[in-house]
$ cat data12.cif   # mmCIF, C-alpha atoms and all ligand atoms
data_query
#
loop_
_atom_site.label_atom_id
_atom_site.label_comp_id
_atom_site.auth_asym_id
_atom_site.auth_seq_id
_atom_site.Cartn_x
_atom_site.Cartn_y
_atom_site.Cartn_z
CA MET A 1 0.00 0.00 0.00
CA LYS A 2 2.75 2.35 0.99
CA GLU A 3 4.73 1.67 -2.14
CA LYS A 4 1.61 2.05 -4.25
CA LEU A 5 1.02 5.49 -2.67
CA GLU A 6 4.59 6.56 -3.28
CA GLN A 7 4.32 5.41 -6.85
CA ILE A 8 1.09 7.34 -7.43
CA LYS A 9 2.61 10.46 -5.92
CA GLU A 10 5.73 10.28 -8.02
CA GLU A 11 3.79 9.64 -11.21
CA ALA A 12 1.42 12.52 -10.54
CA LEU A 13 4.20 14.98 -9.74
CA LYS A 14 6.15 13.90 -12.79
CA GLN A 15 3.14 14.36 -15.04
CA ILE A 16 2.53 17.81 -13.58
CA GLU A 17 6.09 18.73 -14.25
CA LEU A 18 5.79 17.51 -17.83
CA THR A 19 2.72 19.52 -18.77
CA GLY A 20 4.95 21.64 -20.97
CA ALA A 21 4.75 25.07 -22.47
CA ALA A 22 2.22 27.64 -21.37
CA GLY A 23 -1.06 27.53 -23.20
CA ALA A 24 -4.69 26.66 -22.95
CA GLN A 25 -3.76 23.06 -23.73
CA ALA A 26 -1.39 22.82 -20.79
CA LEU A 27 -4.14 24.04 -18.46
CA GLU A 28 -6.44 21.35 -19.80
CA LYS A 29 -3.74 18.78 -19.20
CA LEU A 30 -3.39 19.90 -15.55
CA ASN A 31 -7.12 19.53 -15.10
CA GLU A 32 -6.93 16.06 -16.58
CA ILE A 33 -4.25 15.13 -14.07
CA ARG A 34 -6.48 16.39 -11.25
CA VAL A 35 -9.34 14.22 -12.44
CA ASN A 36 -7.13 11.19 -12.96
CA TYR A 37 -5.57 11.28 -9.50
CA LEU A 38 -7.91 13.16 -7.20
CA GLY A 39 -11.28 12.76 -8.93
CA LYS A 40 -14.16 10.50 -7.88
CA LYS A 41 -12.83 7.71 -10.04
CA GLY A 42 -9.21 8.77 -9.62
CA GLU A 43 -6.38 6.64 -8.48
CA LEU A 44 -6.29 7.88 -4.87
CA THR A 45 -10.01 7.43 -4.42
CA THR A 46 -9.75 3.91 -5.77
CA LEU A 47 -6.95 3.29 -3.31
CA LEU A 48 -9.08 4.57 -0.40
CA LYS A 49 -11.79 2.16 -1.41
CA ALA A 50 -9.24 -0.63 -0.95
CA MET A 51 -8.79 0.36 2.73
CA LYS A 52 -11.13 -2.42 3.76
CA ASP A 53 -8.34 -4.84 2.93
CA VAL A 54 -5.96 -3.06 5.30
CA ALA A 55 -5.65 -4.35 8.85
CA VAL A 56 -7.80 -2.31 11.23
CA GLU A 57 -4.89 -1.05 13.31
CA GLU A 58 -3.02 0.02 10.21
CA ARG A 59 -5.94 2.01 8.83
CA PRO A 60 -5.39 5.38 10.62
CA ARG A 61 -1.76 5.48 9.55
CA VAL A 62 -2.50 4.52 5.96
CA GLY A 63 -5.42 6.99 5.93
CA GLN A 64 -3.10 9.75 7.05
CA MET A 65 -0.59 8.78 4.38
CA VAL A 66 -3.26 8.90 1.70
CA ASN A 67 -4.32 12.36 2.92
CA GLU A 68 -0.75 13.59 2.93
CA VAL A 69 -0.17 12.37 -0.62
CA ARG A 70 -3.48 13.89 -1.66
CA SER A 71 -2.68 17.31 -0.24
CA GLU A 72 0.80 17.24 -1.66
CA ILE A 73 -0.48 16.51 -5.16
CA GLU A 74 -3.19 19.12 -4.69
CA GLU A 75 -0.70 21.71 -3.61
CA VAL A 76 1.70 21.07 -6.47
CA LEU A 77 -1.20 21.02 -8.93
CA GLU A 78 -2.51 24.30 -7.52
CA ARG A 79 0.85 25.99 -7.87
CA ALA A 80 1.42 24.64 -11.38
CA THR A 81 -2.06 25.81 -12.43
CA GLU A 82 -1.53 29.28 -11.01
CA LYS A 83 1.79 29.55 -12.73
CA MET A 84 0.34 28.33 -16.00
CA LYS A 85 -2.58 30.77 -15.82
CA ALA A 86 -0.19 33.64 -15.24
CA ALA A 87 1.93 32.53 -18.17
CA VAL A 88 -1.10 32.22 -20.43
CA LEU A 89 -2.29 35.70 -19.42
CA GLU A 90 1.13 37.19 -19.99
CA GLY A 91 1.30 35.59 -23.42
CA ARG A 92 -2.07 37.02 -24.34
CA LEU A 93 -1.19 40.50 -23.12
CA LYS A 94 1.98 40.40 -25.15
CA ALA A 95 0.19 39.24 -28.28
CA GLU A 96 -2.49 41.87 -27.95
CA THR A 97 -0.28 44.85 -27.29
CA ILE A 98 -0.73 47.68 -29.75
CA ASP A 99 2.58 48.95 -30.98
CA VAL A 100 1.97 52.68 -30.91
CA THR A 101 5.30 53.31 -32.56
CA LEU A 102 4.13 51.57 -35.75
CA PRO A 103 3.54 54.10 -38.58
CA ALA A 104 -0.21 54.45 -39.19
CA LYS A 105 -1.82 53.64 -42.53
CA LYS A 106 -1.79 56.79 -44.60
CA SER A 107 -5.13 57.93 -45.88
CA ASN A 108 -4.65 59.95 -49.02
CA VAL A 109 -6.64 63.14 -49.15
CA GLY A 110 -7.98 63.77 -52.62
CA HIS A 111 -8.27 67.14 -54.29
CA ARG A 112 -9.88 68.80 -57.24
CA HIS A 113 -9.15 67.70 -60.80
CA PRO A 114 -7.28 70.31 -62.89
CA ASN A 115 -10.38 70.62 -65.10
CA THR A 116 -12.45 71.47 -62.04
CA ILE A 117 -9.91 74.01 -60.85
CA ALA A 118 -9.92 75.71 -64.28
CA LEU A 119 -13.72 75.66 -64.42
CA GLU A 120 -14.06 77.15 -60.95
CA GLU A 121 -11.67 79.90 -61.96
CA MET A 122 -13.81 80.67 -65.02
CA GLU A 123 -17.01 80.57 -62.98
CA ARG A 124 -15.48 82.97 -60.48
CA ILE A 125 -14.65 85.43 -63.24
CA PHE A 126 -18.12 85.37 -64.82
CA ILE A 127 -20.02 85.35 -61.54
CA GLY A 128 -17.97 88.46 -60.74
CA MET A 129 -19.43 90.06 -63.87
CA GLY A 130 -22.98 89.21 -62.81
CA TYR A 131 -23.46 85.95 -64.69
CA GLU A 132 -25.52 83.01 -63.52
CA VAL A 133 -24.15 79.43 -63.83
CA VAL A 134 -26.72 77.06 -65.36
CA GLU A 135 -26.68 73.52 -66.66
CA GLY A 136 -28.29 71.84 -69.64
CA PRO A 137 -29.04 68.17 -70.39
CA GLU A 138 -26.32 65.90 -71.80
CA ILE A 139 -28.93 64.04 -73.84
CA GLU A 140 -30.53 66.44 -76.28
CA THR A 141 -33.01 66.29 -79.10
CA ASP A 142 -31.87 67.11 -82.59
CA TYR A 143 -33.89 70.32 -82.25
CA TYR A 144 -31.88 71.79 -79.33
CA ASN A 145 -28.49 70.59 -80.55
CA PHE A 146 -28.94 71.67 -84.19
CA GLU A 147 -32.28 72.99 -85.51
CA ALA A 148 -32.85 75.73 -82.96
CA LEU A 149 -29.24 76.84 -83.45
CA ASN A 150 -29.93 77.58 -87.08
CA ILE A 151 -28.37 74.31 -88.25
CA PRO A 152 -31.15 72.70 -90.32
CA ALA A 153 -31.19 69.04 -91.35
CA ASP A 154 -28.72 68.37 -94.18
CA HIS A 155 -26.68 71.49 -93.42
CA PRO A 156 -22.98 70.79 -93.97
CA ALA A 157 -22.17 72.26 -90.52
CA LYS A 158 -23.75 69.13 -89.10
CA ASP A 159 -21.06 67.04 -90.78
CA GLU A 160 -18.35 68.81 -88.83
CA GLN A 161 -19.58 67.26 -85.61
CA ASP A 162 -19.55 63.48 -85.67
CA THR A 163 -22.46 62.77 -83.47
CA PHE A 164 -23.47 59.95 -81.14
CA PHE A 165 -27.14 59.47 -82.00
CA ILE A 166 -29.29 57.47 -79.61
CA ASN A 167 -32.04 57.26 -82.21
CA GLY A 168 -33.32 59.58 -84.92
CA ASP A 169 -34.40 62.26 -82.42
CA PHE A 170 -32.12 61.93 -79.43
CA LEU A 171 -28.36 62.33 -79.27
CA LEU A 172 -25.51 62.99 -76.86
CA ARG A 173 -25.04 66.74 -77.23
CA THR A 174 -22.10 67.71 -79.41
CA GLN A 175 -21.95 71.22 -77.94
CA THR A 176 -23.28 73.12 -74.93
CA SER A 177 -24.89 75.68 -77.25
CA GLY A 178 -28.29 73.99 -76.84
CA THR A 179 -28.34 75.39 -73.31
CA GLN A 180 -28.73 78.84 -74.90
CA VAL A 181 -32.04 77.69 -76.34
CA HIS A 182 -33.26 76.19 -73.05
CA GLU A 183 -32.50 79.46 -71.27
CA MET A 184 -34.11 81.67 -73.92
CA GLU A 185 -37.25 79.51 -73.95
CA LYS A 186 -37.75 80.20 -70.25
CA GLY A 187 -38.82 83.67 -71.37
CA LYS A 188 -37.00 85.58 -68.64
CA LEU A 189 -34.95 88.48 -69.94
CA PRO A 190 -32.32 89.77 -69.70
CA ILE A 191 -30.05 86.69 -69.73
CA ARG A 192 -26.49 86.62 -68.50
CA MET A 193 -25.40 83.03 -68.14
CA ILE A 194 -22.59 80.56 -68.50
CA ALA A 195 -23.35 76.86 -68.92
CA PRO A 196 -20.47 74.46 -68.31
CA GLY A 197 -20.92 70.83 -69.24
CA ARG A 198 -19.88 67.64 -70.89
CA VAL A 199 -20.19 67.19 -74.63
CA PHE A 200 -19.68 64.18 -76.90
CA ARG A 201 -18.34 63.64 -80.37
CA SER A 202 -17.46 60.49 -82.22
CA ASP A 203 -13.78 61.48 -82.34
CA GLU A 204 -10.72 59.27 -82.18
CA VAL A 205 -8.63 59.75 -79.05
CA ASP A 206 -5.37 61.62 -79.54
CA ALA A 207 -3.38 64.38 -77.83
CA THR A 208 -6.02 67.01 -78.67
CA HIS A 209 -9.22 64.97 -79.16
CA SER A 210 -11.49 62.90 -77.00
CA PRO A 211 -14.99 61.49 -77.60
CA SER A 212 -16.04 63.24 -74.42
CA PHE A 213 -14.85 66.66 -73.29
CA HIS A 214 -16.22 69.84 -71.74
CA GLN A 215 -17.32 73.24 -72.93
CA VAL A 216 -18.37 76.40 -71.20
CA GLU A 217 -21.15 78.16 -73.07
CA GLY A 218 -21.87 81.84 -72.56
CA LEU A 219 -24.94 83.86 -73.47
CA VAL A 220 -25.99 87.46 -72.90
CA ILE A 221 -29.33 88.78 -74.18
CA ASP A 222 -30.60 92.27 -73.44
CA ARG A 223 -31.61 95.44 -75.17
CA HIS A 224 -28.83 97.28 -77.03
CA ILE A 225 -26.18 94.56 -76.73
CA THR A 226 -23.48 95.10 -79.35
CA PHE A 227 -20.24 93.54 -80.49
CA ALA A 228 -18.48 96.08 -78.22
CA ASP A 229 -20.06 94.34 -75.20
CA LEU A 230 -18.84 90.99 -76.48
CA LYS A 231 -15.35 92.33 -77.01
CA GLY A 232 -15.11 94.10 -73.67
CA THR A 233 -16.46 91.11 -71.76
CA LEU A 234 -14.20 88.52 -73.38
CA ALA A 235 -11.13 90.77 -73.18
CA GLU A 236 -11.74 91.18 -69.45
CA PHE A 237 -12.21 87.42 -69.11
CA ALA A 238 -8.89 86.80 -70.88
CA ARG A 239 -7.05 89.32 -68.70
CA GLU A 240 -8.39 87.76 -65.50
CA LEU A 241 -7.58 84.26 -66.65
CA PHE A 242 -4.16 84.80 -68.25
CA GLY A 243 -2.91 88.04 -66.68
CA GLU A 244 -3.28 91.81 -67.00
CA GLU A 245 -0.97 92.06 -70.00
CA THR A 246 -3.04 89.72 -72.15
CA LYS A 247 -4.23 91.10 -75.48
CA VAL A 248 -7.08 89.66 -77.51
CA LYS A 249 -7.65 89.37 -81.24
CA PHE A 250 -10.88 88.51 -83.06
CA ARG A 251 -10.66 86.61 -86.33
CA PRO A 252 -13.79 86.37 -88.51
CA HIS A 253 -15.24 82.90 -88.52
CA HIS A 254 -18.48 81.09 -89.25
CA PHE A 255 -20.96 79.63 -86.81
CA ASN A 256 -24.58 79.09 -87.85
CA PHE A 257 -26.01 80.48 -84.64
CA THR A 258 -24.08 83.76 -84.60
CA GLU A 259 -23.71 86.60 -87.08
CA PRO A 260 -21.14 88.02 -87.22
CA SER A 261 -19.01 85.22 -85.78
CA ALA A 262 -15.40 85.19 -84.66
CA GLU A 263 -12.71 83.16 -83.02
CA MET A 264 -10.81 84.87 -80.25
CA ASP A 265 -7.08 84.51 -79.76
CA VAL A 266 -5.12 85.65 -76.73
CA SER A 267 -1.56 86.90 -76.88
CA CYS A 268 0.77 84.10 -75.81
CA PHE A 269 1.21 84.37 -72.05
CA LYS A 270 4.42 82.39 -72.29
CA CYS A 271 6.38 84.68 -74.64
CA GLY A 272 4.18 87.76 -74.43
CA GLY A 273 3.47 87.60 -78.17
CA LYS A 274 7.01 87.34 -79.56
CA GLY A 275 6.47 83.79 -80.71
CA CYS A 276 7.64 80.61 -78.99
CA ARG A 277 7.24 76.85 -79.03
CA PHE A 278 4.09 77.22 -76.93
CA CYS A 279 2.21 79.41 -79.45
CA LYS A 280 3.88 77.65 -82.39
CA GLY A 281 5.75 80.84 -83.24
CA SER A 282 2.66 82.94 -83.94
CA GLY A 283 2.47 84.84 -80.65
CA TRP A 284 -1.26 84.05 -80.44
CA ILE A 285 -3.29 81.22 -78.96
CA GLU A 286 -6.88 80.48 -80.01
CA ILE A 287 -9.18 80.00 -77.04
CA LEU A 288 -12.85 80.35 -78.03
CA GLY A 289 -15.60 80.87 -80.59
CA CYS A 290 -18.07 83.71 -80.28
CA GLY A 291 -20.46 86.01 -82.08
CA MET A 292 -23.68 88.02 -82.02
CA VAL A 293 -26.69 85.73 -81.61
CA HIS A 294 -28.28 85.17 -85.04
CA PRO A 295 -31.76 86.77 -85.42
CA ASN A 296 -33.13 83.37 -86.55
CA VAL A 297 -32.00 81.83 -83.26
CA LEU A 298 -33.68 84.60 -81.25
CA THR A 299 -36.91 84.29 -83.25
CA MET A 300 -37.07 80.48 -82.93
CA SER A 301 -36.79 80.82 -79.14
CA GLY A 302 -39.52 83.45 -78.98
CA ILE A 303 -37.37 86.57 -78.62
CA ASP A 304 -37.99 89.57 -80.88
CA PRO A 305 -34.69 90.40 -82.65
CA GLU A 306 -35.96 93.94 -83.25
CA GLU A 307 -36.09 94.55 -79.52
CA TYR A 308 -33.34 92.33 -78.15
CA SER A 309 -29.87 91.37 -79.20
CA GLY A 310 -27.13 89.35 -77.62
CA PHE A 311 -23.79 87.67 -77.87
CA ALA A 312 -22.66 84.12 -77.23
CA PHE A 313 -19.38 82.31 -76.82
CA GLY A 314 -18.14 78.77 -76.36
CA VAL A 315 -14.89 77.79 -74.67
CA GLY A 316 -13.32 74.34 -74.64
CA LEU A 317 -12.63 73.72 -70.97
CA GLU A 318 -9.84 71.22 -71.57
CA ARG A 319 -8.14 73.72 -73.85
CA ILE A 320 -8.02 76.23 -71.00
CA THR A 321 -6.81 73.59 -68.53
CA LEU A 322 -4.03 72.44 -70.85
CA LEU A 323 -2.90 76.03 -71.45
CA LYS A 324 -3.12 77.03 -67.80
CA TYR A 325 -0.97 74.11 -66.65
CA GLU A 326 1.12 73.77 -69.81
CA ILE A 327 0.07 70.18 -70.37
CA ASP A 328 0.69 68.96 -73.90
CA ASP A 329 -1.50 65.86 -74.02
CA MET A 330 -5.24 65.93 -73.27
CA ARG A 331 -5.29 62.20 -72.50
CA LEU A 332 -3.46 62.87 -69.24
CA LEU A 333 -6.62 64.57 -67.96
CA TYR A 334 -8.68 61.39 -68.26
CA GLU A 335 -6.27 58.63 -67.34
CA ASN A 336 -6.61 59.17 -63.59
CA ASP A 337 -2.93 58.52 -63.00
CA ILE A 338 -2.42 59.66 -59.45
CA ARG A 339 1.19 60.67 -60.17
CA PHE A 340 -0.12 63.16 -62.71
CA LEU A 341 -3.15 64.36 -60.77
CA LYS A 342 -1.41 65.07 -57.51
CA GLN A 343 0.70 67.77 -59.12
CA PHE A 344 -2.15 70.28 -59.15
N1 LIG A 401 -20.59 75.39 -80.15
C1 LIG A 401 -19.36 75.75 -80.80
C2 LIG A 401 -18.53 74.52 -81.01
O1 LIG A 401 -18.77 73.52 -80.38
C3 LIG A 401 -18.60 76.76 -79.97
C4 LIG A 401 -19.26 78.10 -80.01
C5 LIG A 401 -18.88 79.02 -80.96
C6 LIG A 401 -20.24 78.44 -79.10
C7 LIG A 401 -19.47 80.26 -81.03
C8 LIG A 401 -20.85 79.68 -79.14
C9 LIG A 401 -20.44 80.59 -80.12
O2 LIG A 401 -21.80 80.07 -78.30
O3 LIG A 401 -21.04 81.81 -80.16
O4 LIG A 401 -17.63 74.54 -81.81
#

$ encode --input "data12.cif" --output "structure tokens" --more "lines below"
Ligand code: DAH
Amino acid sequence: MKEKLEQIKEEALKQIELTGAAGAQALEKLNEIRVNYLGKKGELTTLLKAMKDVAVEERPRVGQMVNEVRSEIEEVLERATEKMKAAVLEGRLKAETIDVTLPAKKSNVGHRHPNTIALEEMERIFIGMGYEVVEGPEIETDYYNFEALNIPADHPAKDEQDTFFINGDFLLRTQTSGTQVHEMEKGKLPIRMIAPGRVFRSDEVDATHSPSFHQVEGLVIDRHITFADLKGTLAEFARELFGEETKVKFRPHHFNFTEPSAEMDVSCFKCGGKGCRFCKGSGWIEILGCGMVHPNVLTMSGIDPEEYSGFAFGVGLERITLLKYEIDDMRLLYENDIRFLKQF
């Protein structure tokens, strides 16, 4: 009996010692040992049950021995468990520590696209002159995009704009000029508006063309508006956009919806007009089309050309952006390459 007890004790203590590295598993193992040795069906309990075979006078001594072994195992188990729990906790704390010295994930703050910056600059200039900013639809009827602008069916001017038709009547607008008609039809005069927006043409992509780009349309209608108003307004616009020294030049041109019509050039802001690579040696840079609103256009929109007159202009937004930032390929504006965009 005595040897058996000694043997049980040694085995138990050895197993406790061998439970191994800290971890939830080791704690389970310790619990297993407790059950195996001290539990209801454990080895010590089984041994106690065998007491009936021990001589009566021996029983107190053996009983005491069993109790001693029991408390020794219990004590060692208790200590090992405590130690293991502490080790497990420490391990967890270590694993869960936040390293505050680690560099944080950078969140990139976006900013406005160069086209937007240029547009806002233009809006600022015209709002300063009392203009309203309006918008027209990107899907237009043939009437607003062509007819009402004095471009009848079969007119050769229609050929100049390769159009995305949706069906016979509807199309993606090729120009923002239709917005003029929408505004005039509202019947509220005078009008002083700019209408920025996206336009579409069936053009091949290259450094200066894109099937989708932007224009800024302008329209002024009032009594006694003359070409002098057009000239003064657009010259002021050019000076604000490109600098005080900027000169403007009007070259006769043809647009169906204006008469007379012109294209406006600005003196090259790079060389001051002497001629450089930027202005291709001419000293001038073309920036917009303009003219006095054609009487037919006024009449079709319900305005009496005998009483009212007006001027209109159309600027390619991308053209302004490219000039302003000296970018030589329009495609860069649409590719969304962050290395390009973050320079503005
Ligand atoms: N819509 C013309 C174009 O896309 C630009 C234009 C020229 C607009 C003269 C105007 C204007 O309002 O008066 O080429």

$ closest_residue --input "data12.cif" --among "A:Tyr144, A:Phe237, A:Tyr37, A:Phe313" --to "A:Glu123" --atoms "all atoms listed in the file"
A:Phe237

$ closest_residue --input "data12.cif" --among "A:Leu18, A:Leu333, A:Leu219, A:Leu322" --to "ligand LIG 401 (chain A)" --atoms "only C-alpha atoms and all ligand atoms"
A:Leu219

$ residues_around --input "data12.cif" --residues "A:Ile320" --least-positions-apart "5" --cutoff "8 Å" --atoms "all atoms listed in the file" --output "list in words"
Ala118, Ile287 and Val315 of chain A

$ closest_residue --input "data12.cif" --among "A:Lys29, A:Met1, A:Phe250, A:Phe165" --to "A:Ala55" --atoms "only C-alpha atoms"
A:Met1

$ residues_near_ligand --input "data12.cif" --ligand "ligand LIG 401 (chain A)" --cutoff "8 Å" --atoms "only C-alpha atoms and all ligand atoms" --output "list in words"
Thr174, Gln175, Thr176, Ser177, Gln180, Gln215, Glu217, Gly218, Leu219, Phe255, Phe257, Thr258, Ser261, Ala262, Glu263, Leu288, Gly289, Cys290, Gly291, Met292, Val293, Phe311, Ala312, Phe313, Gly314, Val315 and Gly316 of chain A

$ write_last_selection --input "data12.cif" --atoms "C-alpha atoms" --output "mmCIF file, keeping the file's coordinate frame"
data_model
loop_
_atom_site.group_PDB
_atom_site.id
_atom_site.type_symbol
_atom_site.label_atom_id
_atom_site.label_comp_id
_atom_site.auth_asym_id
_atom_site.auth_seq_id
_atom_site.Cartn_x
_atom_site.Cartn_y
_atom_site.Cartn_z
ATOM 1 C CA THR A 174 -22.100 67.710 -79.410
ATOM 2 C CA GLN A 175 -21.950 71.220 -77.940
ATOM 3 C CA THR A 176 -23.280 73.120 -74.930
ATOM 4 C CA SER A 177 -24.890 75.680 -77.250
ATOM 5 C CA GLN A 180 -28.730 78.840 -74.900
ATOM 6 C CA GLN A 215 -17.320 73.240 -72.930
ATOM 7 C CA GLU A 217 -21.150 78.160 -73.070
ATOM 8 C CA GLY A 218 -21.870 81.840 -72.560
ATOM 9 C CA LEU A 219 -24.940 83.860 -73.470
ATOM 10 C CA PHE A 255 -20.960 79.630 -86.810
ATOM 11 C CA PHE A 257 -26.010 80.480 -84.640
ATOM 12 C CA THR A 258 -24.080 83.760 -84.600
ATOM 13 C CA SER A 261 -19.010 85.220 -85.780
ATOM 14 C CA ALA A 262 -15.400 85.190 -84.660
ATOM 15 C CA GLU A 263 -12.710 83.160 -83.020
ATOM 16 C CA LEU A 288 -12.850 80.350 -78.030
ATOM 17 C CA GLY A 289 -15.600 80.870 -80.590
ATOM 18 C CA CYS A 290 -18.070 83.710 -80.280
ATOM 19 C CA GLY A 291 -20.460 86.010 -82.080
ATOM 20 C CA MET A 292 -23.680 88.020 -82.020
ATOM 21 C CA VAL A 293 -26.690 85.730 -81.610
ATOM 22 C CA PHE A 311 -23.790 87.670 -77.870
ATOM 23 C CA ALA A 312 -22.660 84.120 -77.230
ATOM 24 C CA PHE A 313 -19.380 82.310 -76.820
ATOM 25 C CA GLY A 314 -18.140 78.770 -76.360
ATOM 26 C CA VAL A 315 -14.890 77.790 -74.670
ATOM 27 C CA GLY A 316 -13.320 74.340 -74.640
#

$ closest_residue --input "data12.cif" --among "A:Leu341, A:Ala12, A:Pro260, A:Arg251" --to "A:Phe227" --atoms "all atoms listed in the file"
A:Pro260

$ closest_residue --input "data12.cif" --among "A:Gly168, A:Gly275, A:Gly243, A:Pro196" --to "A:Pro137" --atoms "all atoms listed in the file"
A:Pro196

$ closest_residue --input "data12.cif" --among "A:Pro156, A:Gly136, A:Gly128, A:Gly272" --to "A:Gly197" --atoms "all atoms listed in the file"
A:Gly136

$ residues_around --input "data12.cif" --residues "A:Val134" --least-positions-apart "6" --cutoff "9 Å" --atoms "all atoms listed in the file" --output "MDAnalysis selection string"
chainID A and resid 179 183 193:196
